[in-house]
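K.L.:
Let me begin by handing over the structure; questions about it come next.
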Amino acid sequence: MSNASRIFVALDASDGAPVVLAAAMKLADLSGGKLVLFRAVGIPPDLPPAIFEMTNSRVEETLLKNARKDLELHATAAEGRVEKIHAAFGTAWDTICREAKEVGADLIVIGSLGHSRFARMLGTTAAKVVNNADLNVLVVRTIL
């Protein structure tokens, strides 16, 4: 991993995100690389009723703003290792693959929970990233 100069860290809003970030920080320290913190944003199933009074673009804008705020907190924890934070709207696995390539990342770091057989059969986000990314992917187990 000595050539990992730009490490694309896909962080979700789960409790496992700090575990993924910690693994990426270790890699950055070993390789001398910088981190790009990223969040793929979609419409969550548990939206508050007030959201339905907003336009689609306003909903996207609000969700992206909240994602960026969360990424800024992670960037603070990364203590100077972060080159960029970015959030984009879309299907998680596809957006992660596309954005990592777009920023010229050398490696994607993503978390994976221990899922049931049914979830594995359908394909987790991490599995879809591994199968579709044009670059190396490190999957970090985030079982808490």
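Letters A, B, ... go to the chains of the structure tokens in the order shown; residues in each chain start at 1; ligands are counted from 1 in the same order.
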Just want the 12 Å neighbourhood of stretch 91-107 of chain A, counted on only C-alpha atoms, with same-chain residues fewer than 2 positions away dropped. Output as a VMD selection string.

P.N.:
chain A and resid 1 to 12 24 27 to 28 31 33 to 44 83 to 89 109 to 111 123 to 139

K.L.:
Got time to write the residues from that selection, C-alpha atoms, as a PDB file, in the first residue's frame?

P.N.:
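So again.pdb came out as:
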ATOM      1  CA  MET A   1       0.000   0.000   0.000  1.00  0.00           C
ATOM      2  CA  SER A   2       2.954   2.348  -0.251  1.00  0.00           C
ATOM      3  CA  ASN A   3       1.390   3.983  -3.333  1.00  0.00           C
ATOM      4  CA  ALA A   4      -1.859   4.958  -1.595  1.00  0.00           C
ATOM      5  CA  SER A   5      -1.416   8.706  -1.900  1.00  0.00           C
ATOM      6  CA  ARG A   6      -5.147   9.457  -2.059  1.00  0.00           C
ATOM      7  CA  ILE A   7      -7.347   7.222   0.070  1.00  0.00           C
ATOM      8  CA  PHE A   8     -11.091   7.481  -0.554  1.00  0.00           C
ATOM      9  CA  VAL A   9     -12.928   6.759   2.700  1.00  0.00           C
ATOM     10  CA  ALA A  10     -16.612   5.908   2.264  1.00  0.00           C
ATOM     11  CA  LEU A  11     -18.302   6.730   5.566  1.00  0.00           C
ATOM     12  CA  ASP A  12     -21.936   6.097   6.325  1.00  0.00           C
ATOM     13  CA  ALA A  24      -7.930   4.649   6.869  1.00  0.00           C
ATOM     14  CA  LEU A  27      -3.046   3.527   6.113  1.00  0.00           C
ATOM     15  CA  ALA A  28      -2.515   7.247   5.532  1.00  0.00           C
ATOM     16  CA  SER A  31       1.729   5.491   3.098  1.00  0.00           C
ATOM     17  CA  GLY A  33      -1.272   9.571   1.812  1.00  0.00           C
ATOM     18  CA  LYS A  34      -4.177  11.933   2.308  1.00  0.00           C
ATOM     19  CA  LEU A  35      -7.810  11.059   2.935  1.00  0.00           C
ATOM     20  CA  VAL A  36     -10.880  12.009   0.942  1.00  0.00           C
ATOM     21  CA  LEU A  37     -13.882  11.555   3.246  1.00  0.00           C
ATOM     22  CA  PHE A  38     -17.061  10.741   1.351  1.00  0.00           C
ATOM     23  CA  ARG A  39     -20.719  10.098   2.094  1.00  0.00           C
ATOM     24  CA  ALA A  40     -23.221   8.800  -0.449  1.00  0.00           C
ATOM     25  CA  VAL A  41     -26.606  10.285   0.389  1.00  0.00           C
ATOM     26  CA  GLY A  42     -29.990   8.771  -0.386  1.00  0.00           C
ATOM     27  CA  ILE A  43     -33.522   9.302   0.824  1.00  0.00           C
ATOM     28  CA  PRO A  44     -33.734   7.658   4.269  1.00  0.00           C
ATOM     29  CA  GLU A  83      -7.447  16.492   1.789  1.00  0.00           C
ATOM     30  CA  LYS A  84     -11.146  16.852   1.004  1.00  0.00           C
ATOM     31  CA  ILE A  85     -14.645  16.066   2.244  1.00  0.00           C
ATOM     32  CA  HIS A  86     -17.420  15.401  -0.208  1.00  0.00           C
ATOM     33  CA  ALA A  87     -21.008  14.169  -0.250  1.00  0.00           C
ATOM     34  CA  ALA A  88     -23.079  13.261  -3.295  1.00  0.00           C
ATOM     35  CA  PHE A  89     -26.635  12.128  -3.842  1.00  0.00           C
ATOM     36  CA  VAL A 109     -11.785   2.092   2.283  1.00  0.00           C
ATOM     37  CA  ILE A 110     -15.310   1.028   3.221  1.00  0.00           C
ATOM     38  CA  GLY A 111     -16.970  -0.638   6.194  1.00  0.00           C
ATOM     39  CA  GLY A 123     -25.397  -7.889  -2.046  1.00  0.00           C
ATOM     40  CA  THR A 124     -24.238  -5.337   0.462  1.00  0.00           C
ATOM     41  CA  THR A 125     -22.914  -1.920  -0.488  1.00  0.00           C
ATOM     42  CA  ALA A 126     -19.364  -3.054   0.300  1.00  0.00           C
ATOM     43  CA  ALA A 127     -19.713  -6.165  -1.879  1.00  0.00           C
ATOM     44  CA  LYS A 128     -21.043  -4.113  -4.777  1.00  0.00           C
ATOM     45  CA  VAL A 129     -18.157  -1.649  -4.431  1.00  0.00           C
ATOM     46  CA  VAL A 130     -15.635  -4.516  -4.418  1.00  0.00           C
ATOM     47  CA  ASN A 131     -17.227  -6.016  -7.534  1.00  0.00           C
ATOM     48  CA  ASN A 132     -17.582  -2.769  -9.482  1.00  0.00           C
ATOM     49  CA  ALA A 133     -14.727  -0.442  -8.502  1.00  0.00           C
ATOM     50  CA  ASP A 134     -11.853   0.140 -10.906  1.00  0.00           C
ATOM     51  CA  LEU A 135      -9.375   0.317  -8.030  1.00  0.00           C
ATOM     52  CA  ASN A 136      -8.385  -1.587  -4.908  1.00  0.00           C
ATOM     53  CA  VAL A 137     -10.872  -1.741  -2.049  1.00  0.00           C
ATOM     54  CA  LEU A 138     -10.151  -2.367   1.620  1.00  0.00           C
ATOM     55  CA  VAL A 139     -13.201  -3.639   3.499  1.00  0.00           C
TER      56      VAL A 139
END

K.L.:
In stretch 27-100 of chain A, what's strand (DSSP E) per DSSP? Answer as a ChimeraX atom specification?

P.N.:
/A:34-41,82-89

K.L.:
Find the residues near A:Asp15: any atom within 10 Å, counting only C-alpha atoms, skip ones fewer than 4 places away on the same chain, and give them as a list in words.

P.N.:
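After dropping sequence-adjacent residues, the list is Val19, Val20, Thr142, Ile143 and Leu144 of chain A.
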
K.L.:
Interatomic distance between atom CA of A:Ala17 and atom CA of A:His74?

P.N.:
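Calculated distance between atom CA of A:Ala17 and atom CA of A:His74 is 8.7 Å.
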